[in-house]
$ cat my_file_15.cif   # mmCIF, C-alpha atoms
data_protein
loop_
_atom_site.label_atom_id
_atom_site.label_comp_id
_atom_site.auth_asym_id
_atom_site.auth_seq_id
_atom_site.Cartn_x
_atom_site.Cartn_y
_atom_site.Cartn_z
CA MET U 1 0.00 0.00 0.00
CA SER U 2 1.40 3.41 -0.92
CA ARG U 3 2.11 5.80 1.92
CA THR U 4 0.18 9.04 2.31
CA PHE U 5 1.67 11.77 4.43
CA ALA U 6 1.50 15.53 4.80
CA LEU U 7 4.35 17.87 5.62
CA THR U 8 2.59 20.66 7.47
CA ASN U 9 3.51 24.01 8.99
CA ALA U 10 6.23 24.58 6.40
CA ASN U 11 7.67 27.57 4.63
CA LEU U 12 7.23 26.38 1.06
CA VAL U 13 9.82 27.43 -1.52
CA CYS U 14 8.92 26.68 -5.11
CA PRO U 15 10.75 28.08 -8.15
CA VAL U 16 7.42 28.49 -9.96
CA ALA U 17 4.81 29.21 -7.28
CA GLY U 18 7.11 31.29 -5.07
CA THR U 19 7.21 31.25 -1.28
CA SER U 20 4.26 30.68 1.02
CA THR U 21 3.32 28.91 4.20
CA GLY U 22 1.36 25.70 4.08
CA ALA U 23 1.75 22.00 3.51
CA VAL U 24 2.65 19.40 0.94
CA LEU U 25 0.59 16.25 0.61
CA VAL U 26 2.37 13.17 -0.72
CA ARG U 27 0.63 10.08 -2.01
CA GLY U 28 2.98 7.27 -2.90
CA GLU U 29 5.83 8.68 -4.97
CA THR U 30 4.09 11.88 -6.04
CA ILE U 31 3.12 15.29 -4.73
CA ALA U 32 -0.68 15.25 -4.52
CA ALA U 33 -1.19 18.86 -3.46
CA SER U 34 0.67 21.79 -1.95
CA GLY U 35 -0.12 25.11 -0.38
CA ASN U 36 -3.11 25.87 1.82
CA ILE U 37 -4.67 22.44 1.56
CA LYS U 38 -7.01 20.21 3.50
CA ILE U 39 -5.19 17.28 5.07
CA PRO U 40 -6.98 13.94 4.55
CA LYS U 41 -7.80 11.91 7.65
CA ASP U 42 -5.76 8.98 6.42
CA ALA U 43 -2.57 11.02 6.03
CA GLU U 44 0.35 10.77 8.43
CA VAL U 45 1.23 14.26 9.57
CA ILE U 46 4.83 15.49 9.85
CA ASP U 47 5.10 18.90 11.50
CA CYS U 48 7.86 20.92 9.80
CA LYS U 49 7.81 23.50 12.61
CA GLY U 50 8.31 26.40 10.24
CA ALA U 51 11.35 25.03 8.41
CA MET U 52 11.77 25.52 4.66
CA LEU U 53 10.42 22.83 2.35
CA ALA U 54 11.63 22.83 -1.24
CA PRO U 55 12.24 20.48 -4.15
CA ALA U 56 15.32 18.36 -3.49
CA ILE U 57 18.51 19.26 -5.32
CA VAL U 58 19.41 17.96 -8.77
CA ASP U 59 23.21 18.13 -8.85
CA LEU U 60 24.32 18.46 -12.46
CA GLY U 61 27.79 17.23 -13.27
CA VAL U 62 29.15 15.13 -10.41
CA PHE U 63 32.12 12.86 -10.94
CA THR U 64 31.61 10.36 -8.12
CA ILE U 65 28.56 8.64 -6.71
CA ASP U 66 28.71 9.51 -3.03
CA ILE U 67 25.33 8.78 -1.49
CA PRO U 68 26.01 9.91 2.12
CA ALA U 69 27.40 13.24 0.91
CA CYS U 70 24.44 13.73 -1.43
CA HIS U 71 21.89 13.01 1.26
CA ALA U 72 23.60 15.35 3.71
CA GLY U 73 23.42 18.07 1.08
CA GLY U 74 19.77 17.58 0.08
CA ILE U 75 20.58 15.93 -3.25
CA VAL U 76 18.42 13.08 -4.57
CA ARG U 77 19.33 13.26 -8.27
CA VAL U 78 22.71 13.64 -9.91
CA GLY U 79 23.77 14.12 -13.50
CA LEU U 80 26.78 11.79 -13.58
CA MET U 81 29.71 12.91 -15.70
CA PRO U 82 31.00 10.46 -18.32
CA ASP U 83 34.52 10.48 -16.82
CA GLN U 84 34.09 7.12 -15.10
CA THR U 85 36.00 3.86 -15.23
CA PRO U 86 35.05 2.68 -17.78
CA VAL U 87 34.00 5.82 -19.63
CA LEU U 88 30.22 6.10 -20.15
CA ASP U 89 30.42 5.63 -23.89
CA GLU U 90 28.50 2.37 -24.44
CA PRO U 91 24.89 1.47 -23.67
CA GLY U 92 25.74 -1.31 -21.22
CA VAL U 93 27.95 0.97 -19.18
CA VAL U 94 25.40 3.77 -19.30
CA GLN U 95 22.63 1.44 -18.16
CA ARG U 96 24.68 0.10 -15.26
CA ALA U 97 25.57 3.64 -14.18
CA ALA U 98 21.91 4.56 -14.06
CA LEU U 99 21.31 1.76 -11.56
CA ILE U 100 24.27 2.36 -9.22
CA GLY U 101 22.61 4.62 -6.71
CA ARG U 102 19.27 2.89 -6.26
CA PRO U 103 17.30 3.03 -4.13
CA GLY U 104 18.89 6.02 -2.41
CA LEU U 105 19.69 8.21 -5.37
CA TRP U 106 18.53 8.85 -8.91
CA ILE U 107 21.51 8.62 -11.25
CA HIS U 108 21.11 10.33 -14.61
CA PRO U 109 24.15 9.46 -16.74
CA ILE U 110 25.68 11.99 -19.09
CA ALA U 111 27.03 9.76 -21.86
CA ALA U 112 30.35 10.53 -23.48
CA ALA U 113 29.95 12.42 -26.74
CA THR U 114 33.01 10.70 -28.22
CA ARG U 115 34.50 7.26 -27.65
CA GLY U 116 36.74 7.24 -24.61
CA LEU U 117 36.23 11.01 -24.41
CA ALA U 118 39.07 11.19 -26.92
CA GLY U 119 37.39 13.85 -29.04
CA LYS U 120 37.57 11.89 -32.28
CA ASP U 121 34.85 9.30 -32.98
CA LEU U 122 31.25 9.93 -32.01
CA THR U 123 29.48 7.47 -29.73
CA GLU U 124 26.12 5.87 -30.51
CA MET U 125 24.10 8.65 -28.96
CA ALA U 126 20.68 7.25 -29.80
CA ILE U 127 21.46 3.87 -28.24
CA ASN U 128 23.00 5.49 -25.19
CA ARG U 129 19.92 7.68 -24.83
CA ASP U 130 17.72 4.60 -24.94
CA ALA U 131 19.96 3.03 -22.28
CA GLY U 132 19.28 5.89 -19.90
CA ALA U 133 21.57 8.79 -20.83
CA ARG U 134 19.91 12.16 -20.22
CA ALA U 135 22.58 14.20 -22.03
CA VAL U 136 25.90 13.79 -23.78
CA GLY U 137 29.09 15.47 -22.65
CA THR U 138 32.73 16.15 -23.28
CA GLY U 139 33.67 15.31 -19.69
CA GLU U 140 36.53 17.23 -18.18
CA ARG U 141 38.01 17.68 -21.61
CA TRP U 142 37.54 19.98 -24.56
CA ILE U 143 36.92 18.64 -28.06
CA ALA U 144 39.69 20.30 -30.04
CA ASP U 145 38.44 19.28 -33.49
CA SER U 146 35.73 21.78 -34.43
CA GLY U 147 34.38 19.41 -37.07
CA VAL U 148 33.83 16.73 -34.45
CA MET U 149 32.22 19.19 -32.06
CA ARG U 150 29.86 20.36 -34.79
CA LYS U 151 28.81 16.76 -35.44
CA VAL U 152 28.30 16.18 -31.71
CA LEU U 153 26.01 19.18 -31.47
CA ALA U 154 24.12 18.33 -34.65
CA TYR U 155 23.48 14.68 -33.73
CA ALA U 156 22.62 15.46 -30.13
CA GLY U 157 20.28 18.19 -31.29
CA ASP U 158 18.46 15.78 -33.60
CA LEU U 159 17.98 13.43 -30.64
CA GLY U 160 16.79 16.16 -28.28
CA LEU U 161 19.81 15.76 -26.02
CA THR U 162 21.71 18.62 -24.41
CA VAL U 163 25.48 18.71 -24.91
CA VAL U 164 27.28 19.35 -21.61
CA ALA U 165 30.63 20.91 -22.50
CA HIS U 166 33.79 21.75 -20.60
CA PRO U 167 34.61 25.23 -21.89
CA GLU U 168 38.36 25.54 -21.84
CA ASP U 169 40.62 25.49 -24.88
CA GLY U 170 42.78 22.46 -24.10
CA GLY U 171 45.54 23.65 -26.40
CA ILE U 172 46.04 26.70 -24.24
CA VAL U 173 45.41 25.12 -20.84
CA GLY U 174 47.67 22.12 -21.41
CA SER U 175 48.98 20.94 -18.04
CA ALA U 176 48.39 24.25 -16.27
CA VAL U 177 47.07 24.10 -12.71
CA ALA U 178 46.45 27.81 -12.17
CA THR U 179 45.21 30.92 -13.94
CA SER U 180 47.98 33.19 -15.20
CA GLY U 181 48.51 36.18 -12.99
CA GLU U 182 50.27 37.47 -9.92
CA THR U 183 49.35 34.51 -7.71
CA ALA U 184 50.52 31.85 -10.17
CA THR U 185 53.74 33.76 -10.83
CA ARG U 186 54.50 34.16 -7.14
CA MET U 187 53.81 30.47 -6.50
CA GLY U 188 55.78 29.34 -9.55
CA LEU U 189 52.91 27.22 -10.83
CA PRO U 190 52.26 26.27 -14.46
CA SER U 191 49.42 28.51 -15.54
CA ALA U 192 47.21 29.35 -18.50
CA PRO U 193 45.47 32.63 -19.37
CA ALA U 194 41.80 32.95 -18.51
CA ILE U 195 41.05 33.65 -22.17
CA ALA U 196 41.22 29.89 -22.75
CA GLU U 197 37.65 29.78 -21.46
CA ALA U 198 36.29 32.52 -23.68
CA LEU U 199 37.90 31.01 -26.77
CA ALA U 200 36.22 27.66 -26.18
CA ILE U 201 32.88 29.26 -25.35
CA ALA U 202 32.93 31.43 -28.47
CA ARG U 203 33.46 28.44 -30.74
CA ASP U 204 30.91 26.22 -29.09
CA LEU U 205 28.31 28.98 -29.03
CA MET U 206 28.76 29.58 -32.75
CA LEU U 207 28.38 25.88 -33.47
CA ALA U 208 25.35 25.58 -31.20
CA GLU U 209 23.75 28.54 -32.93
CA GLU U 210 24.44 27.10 -36.36
CA THR U 211 23.14 23.62 -35.51
CA GLY U 212 20.30 24.72 -33.22
CA ALA U 213 21.47 22.31 -30.53
CA LYS U 214 21.07 22.78 -26.78
CA LEU U 215 24.41 23.54 -25.12
CA HIS U 216 25.12 23.56 -21.39
CA LEU U 217 28.48 24.98 -20.38
CA ARG U 218 29.13 23.10 -17.16
CA GLN U 219 31.18 25.84 -15.59
CA VAL U 220 31.70 29.41 -16.76
CA THR U 221 34.04 31.39 -14.53
CA THR U 222 35.35 34.47 -16.37
CA ALA U 223 33.97 37.90 -17.25
CA ALA U 224 34.65 37.33 -20.96
CA GLY U 225 32.86 34.00 -20.82
CA PHE U 226 29.77 35.49 -19.19
CA ASP U 227 29.67 38.29 -21.76
CA LEU U 228 29.61 35.70 -24.55
CA VAL U 229 26.84 33.71 -22.87
CA ARG U 230 24.76 36.86 -22.30
CA ALA U 231 25.07 37.90 -25.92
CA ALA U 232 24.18 34.40 -27.13
CA LYS U 233 21.09 34.26 -24.93
CA ARG U 234 19.96 37.59 -26.36
CA ARG U 235 20.29 36.10 -29.86
CA GLY U 236 18.15 33.15 -28.82
CA VAL U 237 20.88 30.51 -28.68
CA ALA U 238 19.78 27.53 -26.56
CA VAL U 239 22.62 27.89 -24.08
CA THR U 240 22.72 27.50 -20.32
CA CYS U 241 25.65 27.64 -17.96
CA GLY U 242 26.60 26.60 -14.46
CA ILE U 243 29.10 27.33 -11.74
CA THR U 244 30.12 26.02 -8.31
CA PRO U 245 30.07 27.98 -5.06
CA ALA U 246 33.86 27.68 -4.99
CA HIS U 247 34.24 29.79 -8.12
CA LEU U 248 31.77 32.33 -6.74
CA LEU U 249 33.33 32.62 -3.31
CA LEU U 250 37.05 32.08 -3.88
CA SER U 251 39.65 33.75 -6.08
CA ASP U 252 43.12 32.46 -6.89
CA ILE U 253 44.38 34.14 -3.74
CA ALA U 254 42.94 31.14 -1.87
CA MET U 255 45.72 29.04 -3.46
CA SER U 256 48.46 31.10 -1.84
CA ASP U 257 49.24 28.58 0.91
CA PHE U 258 49.73 25.80 -1.68
CA ARG U 259 46.95 23.74 -0.10
CA THR U 260 45.88 21.38 -2.86
CA PHE U 261 42.22 21.45 -1.82
CA THR U 262 42.06 24.65 -3.89
CA HIS U 263 43.35 22.86 -6.99
CA LEU U 264 40.18 22.84 -9.08
CA SER U 265 39.21 22.51 -12.72
CA PRO U 266 38.77 25.13 -14.06
CA ALA U 267 41.38 26.79 -11.87
CA LEU U 268 40.30 29.54 -9.51
CA ARG U 269 40.27 32.90 -11.29
CA ASP U 270 41.39 36.36 -10.22
CA GLU U 271 39.20 38.66 -8.16
CA SER U 272 37.83 40.59 -11.15
CA ASP U 273 36.51 37.39 -12.70
CA ARG U 274 35.04 36.30 -9.36
CA GLN U 275 33.19 39.60 -9.13
CA ALA U 276 31.96 39.08 -12.70
CA ALA U 277 30.64 35.67 -11.67
CA LEU U 278 28.67 37.22 -8.81
CA ARG U 279 27.16 39.74 -11.24
CA ALA U 280 26.28 36.94 -13.63
CA LEU U 281 24.54 35.09 -10.83
CA ALA U 282 22.56 38.18 -9.87
CA ASP U 283 21.52 39.14 -13.41
CA GLY U 284 20.32 35.66 -14.40
CA THR U 285 23.14 34.72 -16.77
CA ILE U 286 24.01 31.69 -14.62
CA ASP U 287 21.37 28.97 -14.75
CA VAL U 288 22.74 26.19 -12.54
CA LEU U 289 24.57 25.92 -9.23
CA CYS U 290 26.34 22.59 -8.93
CA SER U 291 28.73 20.96 -6.50
CA GLY U 292 31.35 19.69 -8.95
CA HIS U 293 31.57 16.82 -6.47
CA ASP U 294 34.87 15.05 -7.06
CA PRO U 295 36.24 13.76 -3.74
CA ARG U 296 39.92 12.88 -3.81
CA GLY U 297 41.85 10.96 -1.20
CA PRO U 298 45.26 11.84 0.26
CA GLU U 299 47.07 9.78 -2.37
CA GLU U 300 45.88 12.29 -4.96
CA LYS U 301 45.86 15.46 -2.87
CA ARG U 302 48.81 15.06 -0.51
CA LEU U 303 51.25 16.00 -3.26
CA PRO U 304 52.99 19.15 -4.49
CA PHE U 305 50.33 21.47 -5.91
CA ALA U 306 51.29 20.97 -9.56
CA ASP U 307 51.27 17.18 -9.15
CA SER U 308 47.97 16.91 -7.29
CA ALA U 309 44.66 16.04 -8.90
CA PRO U 310 42.00 18.73 -9.39
CA GLY U 311 38.65 18.32 -7.71
CA MET U 312 36.75 18.95 -4.49
CA ALA U 313 34.14 17.35 -2.28
CA GLY U 314 31.22 19.69 -2.78
CA ALA U 315 27.95 17.82 -2.37
CA GLU U 316 27.32 18.25 1.33
CA THR U 317 28.31 21.93 1.37
CA LEU U 318 26.43 22.99 -1.78
CA LEU U 319 23.22 24.12 -0.06
CA ALA U 320 24.84 25.83 2.91
CA LEU U 321 27.30 27.79 0.76
CA SER U 322 24.55 28.75 -1.67
CA LEU U 323 22.26 29.99 1.09
CA GLY U 324 24.90 32.56 1.92
CA MET U 325 24.17 34.25 -1.40
CA VAL U 326 20.54 34.62 -0.37
CA ARG U 327 21.53 36.15 2.95
CA ASP U 328 23.80 38.54 1.04
CA GLU U 329 20.71 39.48 -1.04
CA LEU U 330 22.46 38.51 -4.26
CA ILE U 331 19.56 36.24 -5.21
CA THR U 332 16.18 35.34 -3.78
CA ILE U 333 15.46 32.02 -2.13
CA GLU U 334 13.12 31.10 -5.01
CA ARG U 335 15.86 31.71 -7.53
CA LEU U 336 18.30 29.71 -5.46
CA ILE U 337 15.99 26.70 -5.56
CA ALA U 338 15.57 27.18 -9.31
CA LEU U 339 19.37 27.16 -9.68
CA LEU U 340 19.67 24.00 -7.59
CA SER U 341 16.61 22.03 -8.66
CA LEU U 342 14.38 23.19 -11.51
CA ASN U 343 17.03 24.46 -13.92
CA PRO U 344 19.38 21.45 -13.77
CA ALA U 345 16.34 19.19 -14.10
CA THR U 346 15.36 21.07 -17.24
CA VAL U 347 18.84 20.67 -18.74
CA LEU U 348 18.51 16.91 -18.21
CA GLY U 349 14.94 16.81 -19.51
CA LEU U 350 13.51 15.73 -16.13
CA GLU U 351 10.01 16.51 -14.91
CA THR U 352 10.87 17.58 -11.37
CA GLY U 353 12.10 20.60 -9.46
CA THR U 354 8.84 22.22 -8.30
CA LEU U 355 6.22 21.64 -5.62
CA ALA U 356 3.38 21.32 -8.13
CA ALA U 357 0.88 18.48 -7.88
CA GLY U 358 1.91 15.55 -10.01
CA MET U 359 5.64 16.11 -9.58
CA PRO U 360 7.85 13.43 -7.98
CA ALA U 361 7.89 13.76 -4.20
CA ASP U 362 11.59 14.64 -4.14
CA LEU U 363 11.65 17.04 -1.22
CA MET U 364 14.12 18.56 1.20
CA LEU U 365 13.25 20.13 4.52
CA PHE U 366 15.96 22.42 5.76
CA ASP U 367 16.76 24.90 8.49
CA ALA U 368 18.27 27.84 6.64
CA GLU U 369 19.70 29.38 9.82
CA ALA U 370 21.24 26.32 11.47
CA PRO U 371 24.95 27.06 12.06
CA TRP U 372 27.71 24.52 11.53
CA LEU U 373 31.41 24.41 10.73
CA ILE U 374 32.80 22.81 7.59
CA ASP U 375 35.44 20.40 8.83
CA THR U 376 37.31 18.11 6.45
CA ASP U 377 37.88 15.61 9.25
CA HIS U 378 34.18 15.18 9.94
CA MET U 379 32.63 15.20 6.48
CA VAL U 380 30.55 12.22 5.38
CA ALA U 381 31.89 12.38 1.83
CA ILE U 382 34.21 9.68 0.50
CA ALA U 383 37.01 12.23 0.98
CA GLY U 384 36.97 15.61 2.67
CA ASN U 385 38.91 17.71 0.21
CA THR U 386 36.95 20.94 0.46
CA PRO U 387 38.56 24.35 -0.06
CA PHE U 388 36.18 25.65 2.63
CA ASP U 389 37.69 23.74 5.56
CA GLY U 390 37.10 25.68 8.77
CA LEU U 391 34.44 27.98 7.32
CA PRO U 392 31.35 28.59 9.51
CA VAL U 393 28.15 28.31 7.45
CA GLN U 394 24.40 28.19 7.99
CA GLY U 395 21.86 25.77 6.54
CA LYS U 396 21.22 22.14 7.42
CA VAL U 397 19.02 19.54 5.73
CA ARG U 398 16.66 18.03 8.31
CA ARG U 399 14.57 15.65 6.22
CA LEU U 400 14.99 14.36 2.67
CA PHE U 401 12.53 12.44 0.53
CA LYS U 402 13.09 10.69 -2.78
CA GLY U 403 9.90 9.72 -4.54
CA GLY U 404 8.09 9.89 -1.20
CA ALA U 405 10.62 7.61 0.53
CA SER U 406 12.34 9.09 3.57
CA LEU U 407 16.15 9.19 3.25
CA LEU U 408 16.94 11.40 6.26
#
$ encode --input "my_file_15.cif" --output "structure tokens"
Amino acid sequence: MSRTFALTNANLVCPVAGTSTGAVLVRGETIAASGNIKIPKDAEVIDCKGAMLAPAIVDLGVFTIDIPACHAGGIVRVGLMPDQTPVLDEPGVVQRAALIGRPGLWIHPIAAATRGLAGKDLTEMAINRDAGARAVGTGERWIADSGVMRKVLAYAGDLGLTVVAHPEDGGIVGSAVATSGETATRMGLPSAPAIAEALAIARDLMLAEETGAKLHLRQVTTAAGFDLVRAAKRRGVAVTCGITPAHLLLSDIAMSDFRTFTHLSPALRDESDRQAALRALADGTIDVLCSGHDPRGPEEKRLPFADSAPGMAGAETLLALSLGMVRDELITIERLIALLSLNPATVLGLETGTLAAGMPADLMLFDAEAPWLIDTDHMVAIAGNTPFDGLPVQGKVRRLFKGGASLL
């Protein structure tokens, strides 16, 4: 028998309906009603005691399935990057990836656009789509051959799939681990100019415009990159872009102590680009906030900076760090939930991300004011490599539901 329950006395946050007080009624796996509703006699009642109730997070572009970290962060769906072992470039691998997280997590694979992510031969996109892929992507790499990238966009567009691209010109970035500038020079690190991002974005936008394909730039982090995205959106190009809290809150100065937890991809930018990212968040240019979750153990991080692997554990800190932008009045709480839930769901073609009746009962109840300290030694993630170690934050997930099933 399916469970019926009502989450009452909640501050509802919906990207479409806005904020209000009321309740959400869940029947089985689906939201039956929300708002000022009559609670049926047969419903179990859960008193939210005034906490915020919103659609659970859809984390677009994670590299590792890390269920405890996702649950702690309010995440019930992830768009899994194709950079797995083996690479998500065949239907059997894609299908298995889609099943990894069940029953605790929805996994939505992003299939590799090219075999082995080598940027040469296209994968069987239609078969991978039928196997469960919700998008195709270039992974952490850039497709250098413009002819191949045009084919990727054209074929994906015909299939209704979004192309998730890493926007950095690989020929310029090479083996760089930092953005060129005063910090990289002082630290003696191999670096690449920030223009590598704008060059890649410009090409991919032109190809997306010519083919009519949907393009999602997984992370845009520079002023020049945001200007290109803004202009393309004005022309009607089907482009969206994302960013992590790390690139919004940290500049390359955070690397100054050589701590490898700040070794990210793309590398942290200078302060002017960070300020441009905050403006892009406020003016609506940025569509998606994601964790970039890529936990790395000491064998990959306890190395000289240039030899360490890029990546951070971001899933369990995504909500708390993002709520800070609401408190700073950079964005509204409704827009934050759109950035975390509705918009990434739309990129993946998923019907979720609002509190409307008929939507999956993927819900998170959170206390936006609850204080806690980010501590790498006490994180639930597979590894605690966060660049925010020691930072006091506010915002804790209290309850989490996936398709009506309680996870927390």
$ closest_residue --input "my_file_15.cif" --among "U:Arg96, U:Lys301, U:Arg230, U:Arg129" --to "Gln84 in chain U" --atoms "all atoms listed in the file"
U:Arg96
$ atom_distance --input "my_file_15.cif" --atom1 "CA of Ile37 in chain U" --atom2 "CA of Gly50 in chain U"
16.1 Å
$ closest_residue --input "my_file_15.cif" --among "U:Thr376, U:Asn343, U:Thr332, U:Gln95" --to "Ile107 in chain U" --atoms "all atoms listed in the file"
U:Gln95
$ resolve_selection --input "my_file_15.cif" --expression "the PyMOL selection byres ((chain U and resi 371) around 9)" --output "list in words"
Ala368, Glu369, Ala370, Trp372, Leu373, Pro392, Val393, Gln394, Gly395 and Lys396 of chain U
$ residues_around --input "my_file_15.cif" --residues "Gly170 in chain U" --least-positions-apart "6" --cutoff "10 Å" --atoms "all atoms listed in the file" --output "ChimeraX atom specification"
/U:141-144,176,192,196-197,200
$ resolve_selection --input "my_file_15.cif" --expression "the PyMOL selection byres ((chain U and resi 150) around 12)" --output "PyMOL selection string"
chain U and resi 113+119-120+122+143-149+151-157+163+203-213+215
$ atom_distance --input "my_file_15.cif" --atom1 "CA of Ala32 in chain U" --atom2 "CA of Arg134 in chain U"
26.1 Å
$ resolve_selection --input "my_file_15.cif" --expression "the PyMOL selection byres ((chain U and resi 385) around 6)" --output "list in words"
Phe261, Met312, Ala313, Ala383, Gly384 and Thr386 of chain U
$ residues_near_point --input "my_file_15.cif" --point "(30.4, 28.9, -4.0)" --cutoff "9 Å" --atoms "all atoms listed in the file" --output "compact mmCIF listing (two decimals) with C-alpha atoms, keeping the file's coordinate frame"
# COMPACT_ATOMS: atom_id res chain seq x y z
CA ILE U 243 29.10 27.33 -11.74
CA THR U 244 30.12 26.02 -8.31
CA PRO U 245 30.07 27.98 -5.06
CA ALA U 246 33.86 27.68 -4.99
CA HIS U 247 34.24 29.79 -8.12
CA LEU U 248 31.77 32.33 -6.74
CA LEU U 249 33.33 32.62 -3.31
CA LEU U 250 37.05 32.08 -3.88
CA LEU U 289 24.57 25.92 -9.23
CA CYS U 290 26.34 22.59 -8.93
CA SER U 291 28.73 20.96 -6.50
CA LEU U 318 26.43 22.99 -1.78
CA LEU U 321 27.30 27.79 0.76
CA SER U 322 24.55 28.75 -1.67
CA GLY U 324 24.90 32.56 1.92
CA MET U 325 24.17 34.25 -1.40
$ closest_residue --input "my_file_15.cif" --among "U:Gly79, U:Gly353, U:Pro103, U:Gly225" --to "Ala17 in chain U" --atoms "only C-alpha atoms"
U:Gly353
$ closest_residue --input "my_file_15.cif" --among "U:Ala320, U:Ala178, U:Val87, U:Ala224" --to "Pro193 in chain U" --atoms "all atoms listed in the file"
U:Ala178
$ closest_residue --input "my_file_15.cif" --among "U:Leu303, U:Ile337, U:Pro190, U:Gly284" --to "Ala267 in chain U" --atoms "all atoms listed in the file"
U:Pro190
$ closest_residue --input "my_file_15.cif" --among "U:Pro298, U:Pro91, U:Gly116, U:Pro68" --to "Glu316 in chain U" --atoms "all atoms listed in the file"
U:Pro68
$ residues_near_point --input "my_file_15.cif" --point "(18.7, 3.5, -20.1)" --cutoff "8 Å" --atoms "only C-alpha atoms" --output "list in words"
Pro91, Val94, Gln95, Ala98, Asn128, Arg129, Asp130, Ala131, Gly132 and Ala133 of chain U
$ residues_around --input "my_file_15.cif" --residues "range 306-310 of chain U" --least-positions-apart "2" --cutoff "10 Å" --atoms "all atoms listed in the file" --output "PyMOL selection string"
chain U and resi 175-178+188-191+258-267+294-304+312
$ residues_around --input "my_file_15.cif" --residues "Asp89 in chain U" --least-positions-apart "6" --cutoff "9 Å" --atoms "all atoms listed in the file" --output "list of chain:residue names"
U:Pro82, U:Ala111, U:Ala112, U:Ala113, U:Thr114, U:Arg115, U:Gly116, U:Leu117, U:Thr123, U:Glu124, U:Met125, U:Asn128
$ residues_around --input "my_file_15.cif" --residues "range 397-407 of chain U" --least-positions-apart "4" --cutoff "9 Å" --atoms "only C-alpha atoms" --output "PyMOL selection string"
chain U and resi 3-5+26-31+51+56+71-77+103-106+319+360-368
$ write_last_selection --input "my_file_15.cif" --atoms "C-alpha atoms" --output "mmCIF file, in the coordinates of the input"
data_model
loop_
_atom_site.group_PDB
_atom_site.id
_atom_site.type_symbol
_atom_site.label_atom_id
_atom_site.label_comp_id
_atom_site.auth_asym_id
_atom_site.auth_seq_id
_atom_site.Cartn_x
_atom_site.Cartn_y
_atom_site.Cartn_z
ATOM 1 C CA ARG U 3 2.110 5.800 1.920
ATOM 2 C CA THR U 4 0.180 9.040 2.310
ATOM 3 C CA PHE U 5 1.670 11.770 4.430
ATOM 4 C CA VAL U 26 2.370 13.170 -0.720
ATOM 5 C CA ARG U 27 0.630 10.080 -2.010
ATOM 6 C CA GLY U 28 2.980 7.270 -2.900
ATOM 7 C CA GLU U 29 5.830 8.680 -4.970
ATOM 8 C CA THR U 30 4.090 11.880 -6.040
ATOM 9 C CA ILE U 31 3.120 15.290 -4.730
ATOM 10 C CA ALA U 51 11.350 25.030 8.410
ATOM 11 C CA ALA U 56 15.320 18.360 -3.490
ATOM 12 C CA HIS U 71 21.890 13.010 1.260
ATOM 13 C CA ALA U 72 23.600 15.350 3.710
ATOM 14 C CA GLY U 73 23.420 18.070 1.080
ATOM 15 C CA GLY U 74 19.770 17.580 0.080
ATOM 16 C CA ILE U 75 20.580 15.930 -3.250
ATOM 17 C CA VAL U 76 18.420 13.080 -4.570
ATOM 18 C CA ARG U 77 19.330 13.260 -8.270
ATOM 19 C CA PRO U 103 17.300 3.030 -4.130
ATOM 20 C CA GLY U 104 18.890 6.020 -2.410
ATOM 21 C CA LEU U 105 19.690 8.210 -5.370
ATOM 22 C CA TRP U 106 18.530 8.850 -8.910
ATOM 23 C CA LEU U 319 23.220 24.120 -0.060
ATOM 24 C CA PRO U 360 7.850 13.430 -7.980
ATOM 25 C CA ALA U 361 7.890 13.760 -4.200
ATOM 26 C CA ASP U 362 11.590 14.640 -4.140
ATOM 27 C CA LEU U 363 11.650 17.040 -1.220
ATOM 28 C CA MET U 364 14.120 18.560 1.200
ATOM 29 C CA LEU U 365 13.250 20.130 4.520
ATOM 30 C CA PHE U 366 15.960 22.420 5.760
ATOM 31 C CA ASP U 367 16.760 24.900 8.490
ATOM 32 C CA ALA U 368 18.270 27.840 6.640
#
$ atom_distance --input "my_file_15.cif" --atom1 "CA of Ala282 in chain U" --atom2 "CA of Gly22 in chain U"
28.3 Å
$ residues_around --input "my_file_15.cif" --residues "Glu271 in chain U" --least-positions-apart "2" --cutoff "8 Å" --atoms "all atoms listed in the file" --output "PDB file with C-alpha atoms, in the coordinates of the input"
ATOM      1  CA  SER U 251      39.650  33.750  -6.080  1.00  0.00           C
ATOM      2  CA  ASP U 252      43.120  32.460  -6.890  1.00  0.00           C
ATOM      3  CA  ARG U 269      40.270  32.900 -11.290  1.00  0.00           C
ATOM      4  CA  ASP U 273      36.510  37.390 -12.700  1.00  0.00           C
ATOM      5  CA  ARG U 274      35.040  36.300  -9.360  1.00  0.00           C
ATOM      6  CA  GLN U 275      33.190  39.600  -9.130  1.00  0.00           C
TER       7      GLN U 275
END
